[in-house]
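As stored in coords.tsv (TSV, C-alpha atoms and all ligand atoms):
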```
chain	number	residue	atom	x	y	z
S	1	LYS	CA	217.94	51.41	161.52
S	2	HIS	CA	219.59	48.31	160.12
S	3	ASN	CA	217.02	45.61	159.39
S	4	PRO	CA	218.65	42.21	158.89
S	5	LEU	CA	215.43	40.62	157.65
S	6	GLY	CA	214.88	43.41	155.19
S	7	ASP	CA	218.40	42.94	153.84
S	8	ALA	CA	217.87	39.20	153.51
S	9	GLN	CA	214.71	39.86	151.53
S	10	PHE	CA	216.56	42.31	149.33
S	11	LEU	CA	219.43	39.87	148.74
S	12	GLU	CA	217.00	37.12	147.88
S	13	ASP	CA	215.22	39.34	145.37
S	14	GLU	CA	218.51	40.39	143.81
S	15	SER	CA	219.86	36.86	143.42
S	16	THR	CA	216.50	35.68	142.09
S	17	LYS	CA	216.69	38.38	139.42
S	18	ILE	CA	220.24	37.35	138.56
S	19	PHE	CA	219.14	33.73	138.09
S	20	ALA	CA	216.12	34.77	135.99
S	21	ARG	CA	218.54	36.80	133.85
S	22	LYS	CA	220.90	33.81	133.53
S	23	VAL	CA	218.04	31.66	132.29
S	24	ALA	CA	216.88	34.39	129.87
S	25	ASP	CA	220.43	34.97	128.52
S	26	HIS	CA	220.97	31.26	128.07
S	27	TYR	CA	217.83	30.82	125.94
S	28	SER	CA	218.30	34.15	124.14
S	29	ALA	CA	221.76	33.11	122.99
S	30	ARG	CA	220.57	29.84	121.45
S	31	THR	CA	220.40	30.59	117.75
S	32	ASN	CA	218.17	28.79	115.27
S	33	GLN	CA	219.72	25.66	113.82
S	34	THR	CA	219.67	24.60	110.19
S	35	LEU	CA	217.77	21.40	109.40
S	36	GLU	CA	221.08	19.55	108.97
S	37	GLN	CA	222.36	20.74	112.36
S	38	ARG	CA	219.09	19.73	113.98
S	39	GLU	CA	219.14	16.24	112.48
S	40	ALA	CA	222.76	15.80	113.63
S	41	SER	CA	221.89	16.64	117.25
S	42	PRO	CA	222.78	13.90	119.77
S	43	ILE	CA	219.27	14.34	121.20
S	44	ILE	CA	217.30	14.63	117.95
S	45	HIS	CA	215.00	11.73	118.84
S	46	LEU	CA	214.38	13.13	122.31
S	47	LYS	CA	213.45	16.48	120.74
S	48	LYS	CA	211.03	14.67	118.41
S	49	LEU	CA	209.58	12.70	121.33
S	50	ASN	CA	209.02	15.93	123.28
S	51	ASN	CA	207.30	17.44	120.24
S	52	TRP	CA	205.07	14.38	120.09
S	53	ILE	CA	204.16	14.73	123.80
S	54	LYS	CA	203.30	18.42	123.31
S	55	SER	CA	201.26	17.62	120.18
S	56	VAL	CA	199.30	14.93	122.02
S	57	LEU	CA	198.50	17.34	124.88
S	58	ILE	CA	197.39	20.00	122.39
S	59	GLN	CA	195.25	17.57	120.40
S	60	LEU	CA	193.64	16.19	123.55
S	61	TYR	CA	192.82	19.50	125.23
S	62	SER	CA	192.41	22.25	122.64
S	63	LYS	CA	189.36	22.98	120.53
S	64	ARG	CA	188.84	24.79	117.24
S	65	GLY	CA	188.66	28.55	117.82
S	66	ASP	CA	190.35	28.49	121.24
S	67	ALA	CA	192.19	31.54	122.61
S	68	VAL	CA	195.63	30.22	123.62
S	69	LEU	CA	198.16	31.62	126.10
S	70	ASP	CA	201.61	30.09	125.47
S	71	LEU	CA	203.62	30.92	128.59
S	72	ALA	CA	207.39	30.77	128.01
S	73	CYS	CA	206.71	30.12	124.31
S	74	GLY	CA	210.40	30.20	123.35
S	75	LYS	CA	211.06	30.43	119.60
S	76	GLY	CA	207.49	29.46	118.77
S	77	GLY	CA	208.25	25.79	118.18
S	78	ASP	CA	204.62	24.97	118.96
S	79	LEU	CA	203.03	27.48	116.50
S	80	ILE	CA	202.52	24.75	113.89
S	81	LYS	CA	200.91	22.45	116.46
S	82	TRP	CA	198.44	25.20	117.40
S	83	ASP	CA	197.77	25.90	113.72
S	84	LYS	CA	196.87	22.25	113.18
S	85	ALA	CA	194.48	22.53	116.14
S	86	LYS	CA	192.77	25.45	114.28
S	87	ILE	CA	192.88	27.83	117.23
S	88	GLY	CA	191.36	31.31	117.01
S	89	TYR	CA	193.91	33.49	118.83
S	90	TYR	CA	197.44	33.08	120.23
S	91	VAL	CA	199.43	35.05	122.78
S	92	GLY	CA	203.05	33.96	123.28
S	93	ILE	CA	205.20	35.37	126.10
S	94	ASP	CA	208.84	34.67	126.91
S	95	ILE	CA	211.54	36.32	129.00
S	96	ALA	CA	214.24	35.76	126.34
S	97	GLU	CA	214.32	38.64	123.84
S	98	GLY	CA	216.15	36.56	121.22
S	99	SER	CA	213.58	33.79	121.41
S	100	ILE	CA	210.64	36.19	121.02
S	101	GLU	CA	212.35	37.68	117.95
S	102	ASP	CA	212.76	34.20	116.44
S	103	CYS	CA	209.14	33.47	117.31
S	104	ARG	CA	208.03	36.65	115.53
S	105	THR	CA	210.10	35.76	112.44
S	106	ARG	CA	208.50	32.33	112.38
S	107	TYR	CA	204.97	33.70	112.90
S	108	ASN	CA	205.41	36.33	110.18
S	109	GLY	CA	206.37	33.61	107.76
S	110	ASP	CA	209.72	35.26	106.95
S	111	ALA	CA	212.10	32.70	105.53
S	112	ASP	CA	214.34	31.26	108.24
S	113	GLN	CA	217.72	29.62	107.63
S	114	ASN	CA	215.91	26.54	106.40
S	115	GLN	CA	213.84	28.64	103.98
S	116	ARG	CA	210.70	27.38	105.67
S	117	ARG	CA	207.77	29.71	105.19
S	118	LYS	CA	204.46	29.32	106.84
S	119	LYS	CA	201.47	31.62	107.10
S	120	PHE	CA	199.44	31.04	110.20
S	121	THR	CA	195.68	31.28	110.15
S	122	PHE	CA	195.26	32.80	113.61
S	123	PRO	CA	196.09	36.34	114.83
S	124	ALA	CA	198.87	36.45	117.41
S	125	ARG	CA	200.46	38.75	119.93
S	126	LEU	CA	204.06	38.13	121.05
S	127	ILE	CA	205.44	39.74	124.19
S	128	CYS	CA	208.80	39.71	125.96
S	129	ALA	CA	208.22	39.61	129.74
S	130	ASP	CA	209.08	37.73	132.91
S	131	CYS	CA	205.90	35.64	133.35
S	132	TYR	CA	206.77	34.86	136.97
S	133	GLU	CA	207.33	38.46	138.02
S	134	VAL	CA	204.93	40.67	136.06
S	135	ARG	CA	201.17	40.85	136.59
S	136	LEU	CA	200.07	39.46	133.25
S	137	ASP	CA	196.39	40.24	133.82
S	138	LYS	CA	197.41	43.92	133.52
S	139	VAL	CA	199.61	43.38	130.45
S	140	LEU	CA	196.87	41.33	128.77
S	141	ALA	CA	193.84	43.24	130.08
S	142	ASP	CA	192.29	43.34	126.58
S	143	ASP	CA	193.26	39.82	125.46
S	144	GLY	CA	191.68	37.37	127.89
S	145	PRO	CA	190.02	35.30	129.01
S	146	PHE	CA	191.86	32.33	127.46
S	147	ASP	CA	190.46	28.84	126.92
S	148	ILE	CA	193.80	27.12	127.33
S	149	CYS	CA	197.23	27.95	128.70
S	150	SER	CA	200.31	25.94	127.75
S	151	CYS	CA	203.55	26.10	129.72
S	152	GLN	CA	206.02	23.66	128.16
S	153	PHE	CA	209.35	22.80	129.78
S	154	ALA	CA	209.30	26.08	131.71
S	155	LEU	CA	207.11	26.20	134.83
S	156	HIS	CA	209.98	24.95	137.00
S	157	TYR	CA	211.82	28.23	136.38
S	158	SER	CA	209.19	29.86	138.61
S	159	TRP	CA	210.11	27.76	141.69
S	160	SER	CA	213.12	29.85	142.73
S	161	THR	CA	210.93	31.57	145.35
S	162	GLU	CA	207.42	31.19	146.70
S	163	ALA	CA	206.51	34.66	145.41
S	164	ARG	CA	207.42	33.69	141.83
S	165	ALA	CA	205.71	30.30	141.99
S	166	ARG	CA	202.57	32.07	143.25
S	167	ARG	CA	202.82	34.78	140.60
S	168	ALA	CA	203.00	32.11	137.88
S	169	LEU	CA	199.84	30.38	139.13
S	170	ALA	CA	198.02	33.65	139.88
S	171	ASN	CA	198.77	34.89	136.33
S	172	ILE	CA	197.50	31.72	134.70
S	173	SER	CA	194.40	31.56	136.90
S	174	ALA	CA	193.53	35.22	136.33
S	175	LEU	CA	193.73	34.81	132.55
S	176	LEU	CA	191.92	31.49	132.10
S	177	ARG	CA	188.14	31.36	131.85
S	178	PRO	CA	186.25	29.15	134.32
S	179	GLY	CA	186.70	25.57	133.11
S	180	GLY	CA	189.84	26.63	131.19
S	181	ILE	CA	192.75	24.20	130.89
S	182	LEU	CA	196.44	24.41	131.80
S	183	ILE	CA	198.70	21.90	130.02
S	184	GLY	CA	202.41	21.58	130.65
S	185	THR	CA	205.57	19.56	131.02
S	186	MET	CA	208.30	20.02	133.61
S	187	PRO	CA	211.00	18.00	135.38
S	188	ASP	CA	209.67	15.15	137.53
S	189	ALA	CA	210.96	15.98	141.02
S	190	ASN	CA	210.42	12.41	142.26
S	191	VAL	CA	212.77	11.03	139.62
S	192	ILE	CA	215.40	13.72	140.11
S	193	ILE	CA	215.47	13.34	143.90
S	194	LYS	CA	215.55	9.54	143.60
S	195	LYS	CA	218.52	9.75	141.23
S	196	LEU	CA	220.28	12.20	143.55
S	197	ARG	CA	219.84	9.84	146.51
S	198	GLU	CA	221.25	6.95	144.46
S	199	ALA	CA	224.19	9.04	143.24
S	200	GLU	CA	227.66	8.92	144.82
S	201	GLY	CA	227.95	12.67	145.28
S	202	LEU	CA	225.77	15.62	144.34
S	203	ALA	CA	225.76	14.96	140.59
S	204	PHE	CA	224.47	12.34	138.19
S	205	GLY	CA	223.90	12.00	134.46
S	206	ASN	CA	224.89	10.17	131.29
S	207	SER	CA	226.44	10.96	127.90
S	208	VAL	CA	223.79	13.59	127.03
S	209	TYR	CA	222.94	15.26	130.36
S	210	TRP	CA	224.05	15.97	133.88
S	211	VAL	CA	222.38	17.37	136.99
S	212	ARG	CA	224.41	18.89	139.82
S	213	PHE	CA	223.02	20.08	143.16
S	214	ASP	CA	224.58	22.79	145.29
S	215	GLU	CA	226.63	21.85	148.35
S	216	GLU	CA	223.87	23.14	150.64
S	217	PHE	CA	221.81	20.06	149.71
S	218	SER	CA	224.63	17.65	150.54
S	219	ASP	CA	222.45	15.92	153.14
S	220	LYS	CA	220.17	15.02	150.17
S	221	LYS	CA	217.21	15.74	152.42
S	222	PHE	CA	214.69	18.37	151.49
S	223	LYS	CA	211.94	17.75	154.00
S	224	SER	CA	213.04	20.34	156.54
S	225	SER	CA	213.97	23.05	154.06
S	226	SER	CA	211.59	25.22	152.07
S	227	PRO	CA	210.04	23.55	148.98
S	228	PHE	CA	211.08	26.62	146.96
S	229	GLY	CA	214.58	27.51	145.81
S	230	ILE	CA	215.91	23.93	145.64
S	231	LYS	CA	218.36	24.74	142.91
S	232	TYR	CA	220.39	22.48	140.65
S	233	LYS	CA	222.37	23.04	137.50
S	234	PHE	CA	221.03	21.21	134.46
S	235	HIS	CA	223.03	20.48	131.35
S	236	LEU	CA	221.48	18.81	128.31
S	237	GLU	CA	223.68	18.45	125.22
S	238	ASP	CA	222.63	20.80	122.45
S	239	ALA	CA	219.72	22.23	124.48
S	240	VAL	CA	220.00	23.44	128.08
S	241	ASP	CA	222.71	24.71	130.42
S	242	CYS	CA	221.25	26.74	133.26
S	243	PRO	CA	220.01	26.85	136.85
S	244	GLU	CA	216.69	25.09	137.48
S	245	TRP	CA	214.49	24.45	140.51
S	246	ILE	CA	212.84	21.35	141.92
S	247	VAL	CA	209.01	21.43	141.87
S	248	PRO	CA	207.71	18.95	144.48
S	249	PHE	CA	204.54	17.88	142.72
S	250	GLN	CA	202.25	17.44	145.75
S	251	ILE	CA	203.09	20.97	146.90
S	252	PHE	CA	202.59	22.30	143.38
S	253	LYS	CA	199.17	20.62	143.32
S	254	SER	CA	198.14	22.13	146.70
S	255	LEU	CA	199.39	25.56	145.69
S	256	ALA	CA	197.50	25.30	142.38
S	257	GLU	CA	194.32	24.46	144.33
S	258	GLU	CA	194.69	27.82	146.12
S	259	TYR	CA	194.42	29.40	142.69
S	260	ASP	CA	191.28	27.45	141.77
S	261	PHE	CA	192.89	24.62	139.83
S	262	GLU	CA	192.01	20.95	140.06
S	263	LEU	CA	194.31	18.23	138.82
S	264	VAL	CA	193.15	16.32	135.72
S	265	PHE	CA	196.27	14.17	135.46
S	266	ALA	CA	200.02	14.07	135.95
S	267	LYS	CA	202.22	11.44	134.28
S	268	ASN	CA	205.90	10.79	133.90
S	269	SER	CA	206.94	10.90	130.21
S	270	HIS	CA	207.61	7.14	130.13
S	271	GLU	CA	204.10	6.42	131.36
S	272	PHE	CA	202.74	9.04	128.95
S	273	VAL	CA	204.40	7.30	125.99
S	274	HIS	CA	203.14	3.88	127.04
S	275	GLU	CA	199.60	5.15	127.54
S	276	TYR	CA	199.16	7.23	124.38
S	277	MET	CA	201.04	4.84	122.10
S	278	LYS	CA	198.01	2.56	122.56
S	279	LYS	CA	196.04	4.99	120.38
S	280	PRO	CA	196.49	4.47	116.60
S	281	ASP	CA	196.24	8.21	115.78
S	282	PHE	CA	199.07	9.03	118.14
S	283	VAL	CA	201.18	6.11	116.88
S	284	GLU	CA	200.76	7.55	113.39
S	285	LEU	CA	201.72	11.02	114.67
S	286	MET	CA	204.83	9.54	116.30
S	287	ARG	CA	205.74	7.86	113.00
S	288	ARG	CA	205.28	11.13	111.07
S	289	LEU	CA	207.47	13.01	113.56
S	290	GLY	CA	210.11	10.29	113.27
S	291	ALA	CA	210.59	9.94	117.03
S	292	LEU	CA	210.23	6.19	117.26
S	293	GLY	CA	210.80	3.42	114.75
S	294	ASP	CA	207.92	2.41	112.48
S	295	GLY	CA	205.14	0.88	114.54
S	296	ASN	CA	207.42	0.30	117.49
S	297	GLN	CA	205.71	1.03	120.76
S	298	ASP	CA	208.85	1.54	122.80
S	299	GLN	CA	211.91	3.74	122.88
S	300	SER	CA	213.69	1.93	120.04
S	301	THR	CA	214.80	5.01	118.07
S	302	LEU	CA	215.88	6.96	121.12
S	303	SER	CA	219.27	5.98	122.48
S	304	PRO	CA	219.06	4.56	126.03
S	305	ASP	CA	220.65	7.79	127.27
S	306	GLU	CA	217.99	9.92	125.55
S	307	TRP	CA	215.25	7.65	126.95
S	308	GLU	CA	216.69	8.22	130.44
S	309	VAL	CA	216.38	11.99	129.91
S	310	ALA	CA	212.73	11.53	128.90
S	311	TYR	CA	212.23	9.86	132.31
S	312	LEU	CA	213.29	13.12	134.02
S	313	TYR	CA	210.12	14.86	132.78
S	314	MET	CA	206.41	14.69	133.45
S	315	SER	CA	203.28	16.13	131.86
S	316	PHE	CA	200.35	17.62	133.74
S	317	VAL	CA	196.88	18.91	133.01
S	318	LEU	CA	194.95	21.17	135.40
S	319	ARG	CA	191.47	22.61	135.03
S	320	LYS	CA	190.31	25.94	136.42
S	321	ARG	CA	187.19	25.44	138.50
S	322	GLY	CA	183.84	26.66	137.24
S	323	GLN	CA	181.69	26.25	134.18
S	324	ALA	CA	182.28	27.85	130.82
S	325	ASP	CA	179.64	30.40	129.76
S	326	LYS	CA	177.13	28.77	127.46
S	327	THR	CA	177.21	31.42	124.74
S	401	LIG	N1	207.93	26.33	125.62
S	401	LIG	C1	208.97	26.31	124.61
S	401	LIG	C2	209.04	24.95	123.96
S	401	LIG	O1	208.47	23.99	124.49
S	401	LIG	O2	209.68	24.85	122.90
S	401	LIG	C3	210.33	26.73	125.18
S	401	LIG	C4	210.89	25.80	126.23
S	401	LIG	S1	212.51	26.25	126.82
S	401	LIG	C5	213.08	24.73	127.45
S	401	LIG	C6	212.17	27.17	128.28
S	401	LIG	C7	211.68	28.57	128.00
S	401	LIG	O3	211.26	29.18	129.22
S	401	LIG	C8	212.74	29.47	127.40
S	401	LIG	O4	212.29	30.01	126.19
S	401	LIG	C9	212.93	30.54	128.47
S	401	LIG	O5	213.32	31.79	127.96
S	401	LIG	C10	211.55	30.56	129.12
S	401	LIG	N2	211.51	31.17	130.45
S	401	LIG	C11	212.27	30.87	131.52
S	401	LIG	N3	211.97	31.68	132.55
S	401	LIG	C12	210.96	32.50	132.13
S	401	LIG	C13	210.23	33.56	132.75
S	401	LIG	N4	210.49	33.94	133.99
S	401	LIG	N5	209.27	34.19	132.01
S	401	LIG	C14	209.03	33.82	130.72
S	401	LIG	N6	209.71	32.84	130.09
S	401	LIG	C15	210.66	32.18	130.78
```
As structure tokens:
Amino acid sequence: KHNPLGDAQFLEDESTKIFARKVADHYSARTNQTLEQREASPIIHLKKLNNWIKSVLIQLYSKRGDAVLDLACGKGGDLIKWDKAKIGYYVGIDIAEGSIEDCRTRYNGDADQNQRRKKFTFPARLICADCYEVRLDKVLADDGPFDICSCQFALHYSWSTEARARRALANISALLRPGGILIGTMPDANVIIKKLREAEGLAFGNSVYWVRFDEEFSDKKFKSSSPFGIKYKFHLEDAVDCPEWIVPFQIFKSLAEEYDFELVFAKNSHEFVHEYMKKPDFVELMRRLGALGDGNQDQSTLSPDEWEVAYLYMSFVLRKRGQADKT
């Protein structure tokens, strides 16, 4: 007998898979740039700022010898940061086949287009999988538990449905040891919704990015609808062009609590910069990365349009409840 609800479920699953594929294909197709191409990018200073934010999170929350789970690791852009943190083991997972291949090339120290070679001191395992669909505790049965999980610029891709958002959190929780840490960055829903409400229509942006919501959100109200599946299209020059989902932070926090996480902190990137640029070591790191001008504690090297993109993101740190074994 025809079951309309069953069909709806099926359709939802199918379209979710199509969107996950779109995201994977988008990232897979992004080839490695040469150093010259990278430096010529209209968002080069934003990229450097984001690297600084990730480095600060890693330096603050990782310890020598840690087992690291890098969820949605991409091309392995954070491998060097983890190497500097002297970790003991690394597992990187990403849905994009092309990115995992690039990550493997980088890890193996094969010369890339820039002839950069690097041997890493920690053993690593790299896997291509949909982290928001697959039960990772089964895939990684012999690898865990992990001390720290990092999910950079990627957790929002799990908010297309409740099932995927839950799978993401269940996976991370199952693989972290008690007291283990989750660090991440993702779009700041408060900022995006505020900008949408201030916009004339359903789109807003500047010379380096635009965000466009679907017609179904034309009332610009989200309170009555589900907190999952609030889709928009995100375009960032020389970086991103794919469907993304709003993650209402308070709901994310409550959902994470169901999976034994407690919030350590959550900060918009602007606030993050202002706070950690008070620390001399991180000012020096910023100078070395070339994100901001020498000694300047503001956005001076980023163009105003890049600085506005930084404002679209936030960083968060969660801790899994419980005490680490004292061994
Ligand atoms: N974390 C890396 C970094 O900071 O350089 C990559 C960030 S990139 C903006 C987002 C990454 O999320 C892409 O590599 C993409 O393939 C990955 N991703 C998106 N959906 C995913 C999923 N369902 N499972 C695993 N990876 C996913």
So which residues are near ligand LIG 401 (chain S), meaning at most 7 Å away with only C-alpha atoms and all ligand atoms counted, given back as a list in words? Ala20, Val23, Ala24, Tyr27, Ser28, Leu71, Ala72, Cys73, Gly74, Lys75, Gly76, Gly77, Asp78, Ile93, Asp94, Ile95, Ala96, Ser99, Ala129, Asp130, Cys131, Tyr132, Glu133, Cys151, Gln152, Phe153, Ala154, Tyr157 and Ser158 of chain S
Any chance you can output those residues with C-alpha atoms as a JSON list (two decimals), in the coordinates of the input?
```
[["chain", "number", "residue", "atom", "x", "y", "z"],
["S", 20, "ALA", "CA", 216.12, 34.77, 135.99],
["S", 23, "VAL", "CA", 218.04, 31.66, 132.29],
["S", 24, "ALA", "CA", 216.88, 34.39, 129.87],
["S", 27, "TYR", "CA", 217.83, 30.82, 125.94],
["S", 28, "SER", "CA", 218.30, 34.15, 124.14],
["S", 71, "LEU", "CA", 203.62, 30.92, 128.59],
["S", 72, "ALA", "CA", 207.39, 30.77, 128.01],
["S", 73, "CYS", "CA", 206.71, 30.12, 124.31],
["S", 74, "GLY", "CA", 210.40, 30.20, 123.35],
["S", 75, "LYS", "CA", 211.06, 30.43, 119.60],
["S", 76, "GLY", "CA", 207.49, 29.46, 118.77],
["S", 77, "GLY", "CA", 208.25, 25.79, 118.18],
["S", 78, "ASP", "CA", 204.62, 24.97, 118.96],
["S", 93, "ILE", "CA", 205.20, 35.37, 126.10],
["S", 94, "ASP", "CA", 208.84, 34.67, 126.91],
["S", 95, "ILE", "CA", 211.54, 36.32, 129.00],
["S", 96, "ALA", "CA", 214.24, 35.76, 126.34],
["S", 99, "SER", "CA", 213.58, 33.79, 121.41],
["S", 129, "ALA", "CA", 208.22, 39.61, 129.74],
["S", 130, "ASP", "CA", 209.08, 37.73, 132.91],
["S", 131, "CYS", "CA", 205.90, 35.64, 133.35],
["S", 132, "TYR", "CA", 206.77, 34.86, 136.97],
["S", 133, "GLU", "CA", 207.33, 38.46, 138.02],
["S", 151, "CYS", "CA", 203.55, 26.10, 129.72],
["S", 152, "GLN", "CA", 206.02, 23.66, 128.16],
["S", 153, "PHE", "CA", 209.35, 22.80, 129.78],
["S", 154, "ALA", "CA", 209.30, 26.08, 131.71],
["S", 157, "TYR", "CA", 211.82, 28.23, 136.38],
["S", 158, "SER", "CA", 209.19, 29.86, 138.61]]
```
Do you have the CA of Lys195 in chain S-CA of Arg166 in chain S distance handy? 27.5 Å
Computed interatomic separation between CA of Arg21 in chain S and CA of Ile127 in chain S (Å):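 Result for CA of Arg21 in chain S versus CA of Ile127 in chain S: 16.5 Å, one decimal.
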Calculated over only C-alpha atoms, which of the candidates S:Pro227, S:Pro304, S:Gly65, S:Pro123 has the smallest distance to Gly92 in chain S?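 Nearest to Gly92 in chain S: S:Pro123.
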Smallest atom-to-atom distance to Tyr276 in chain S: which of S:Arg38, S:Arg212, S:Lys54, S:Lys48, using only C-alpha atoms? S:Lys54
Within 6 Å of range 228-235 of chain S, counting all atoms listed in the file, which residues qualify if same-chain residues fewer than 3 places away don't, as a list in words?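 Using all atoms listed in the file, the neighbours found are Trp159, Ser160, Thr161, Glu162, Tyr209, Trp210, Val211, Arg212, Phe213, Val240, Asp241, Cys242, Pro243, Glu244, Trp245 and Ile246 of chain S.
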Compile the contact shell of His156 in chain S as a VMD selection string: residues with an atom at most 10 Å away, counting only C-alpha atoms, same-chain residues fewer than 6 positions apart removed. chain S and resid 165 185 to 189 244 to 248
Residue nearest Asp281 in chain S among S:Leu35, S:Lys17, S:Asn108, S:Trp52 (counting all atoms listed in the file): S:Trp52
Which residue is closest to Ala168 in chain S? Choose from S:Phe282, S:Tyr259, S:Phe204, S:Trp307 and count only C-alpha atoms. S:Tyr259
Closest of S:Leu155, S:Ala141, S:Val309, S:Leu126 to Val191 in chain S - atom-to-atom distances counting all atoms listed in the file: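 The shortest atom-to-atom distance to Val191 in chain S comes from S:Val309.
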Of the residues S:Lys22, S:Val273, S:Leu312, S:Glu101, which is the one nearest to Ala291 in chain S, using all atoms listed in the file?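 Looking at the shortest contact to Ala291 in chain S, the residue is S:Val273.
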Surrounding residues of Arg135 in chain S excluding itself and chain neighbours under 6 positions, 9 Å, all atoms listed in the file, as a ChimeraX atom specification: /S:167,170-171
List as a count of residues only the protein and nucleic acid residues near Glu262 in chain S, meaning an atom at most 12 Å away when all atoms listed in the file are counted, but skip any in the same chain fewer than 3 places from it. 23
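Our summary of the geometry notes that CA of Lys81 in chain S is positioned 6.1 Å from CA of Ser55 in chain S.
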Box along x, y and z, 3 Å on every side, all listed atoms of range 41-51 of chain S inside: centre and edge lengths in Å to one decimal, as lines of an AutoDock Vina configuration file.
```
center_x = 215.0
center_y = 14.6
center_z = 120.3
size_x = 21.5
size_y = 11.7
size_z = 12.0
```
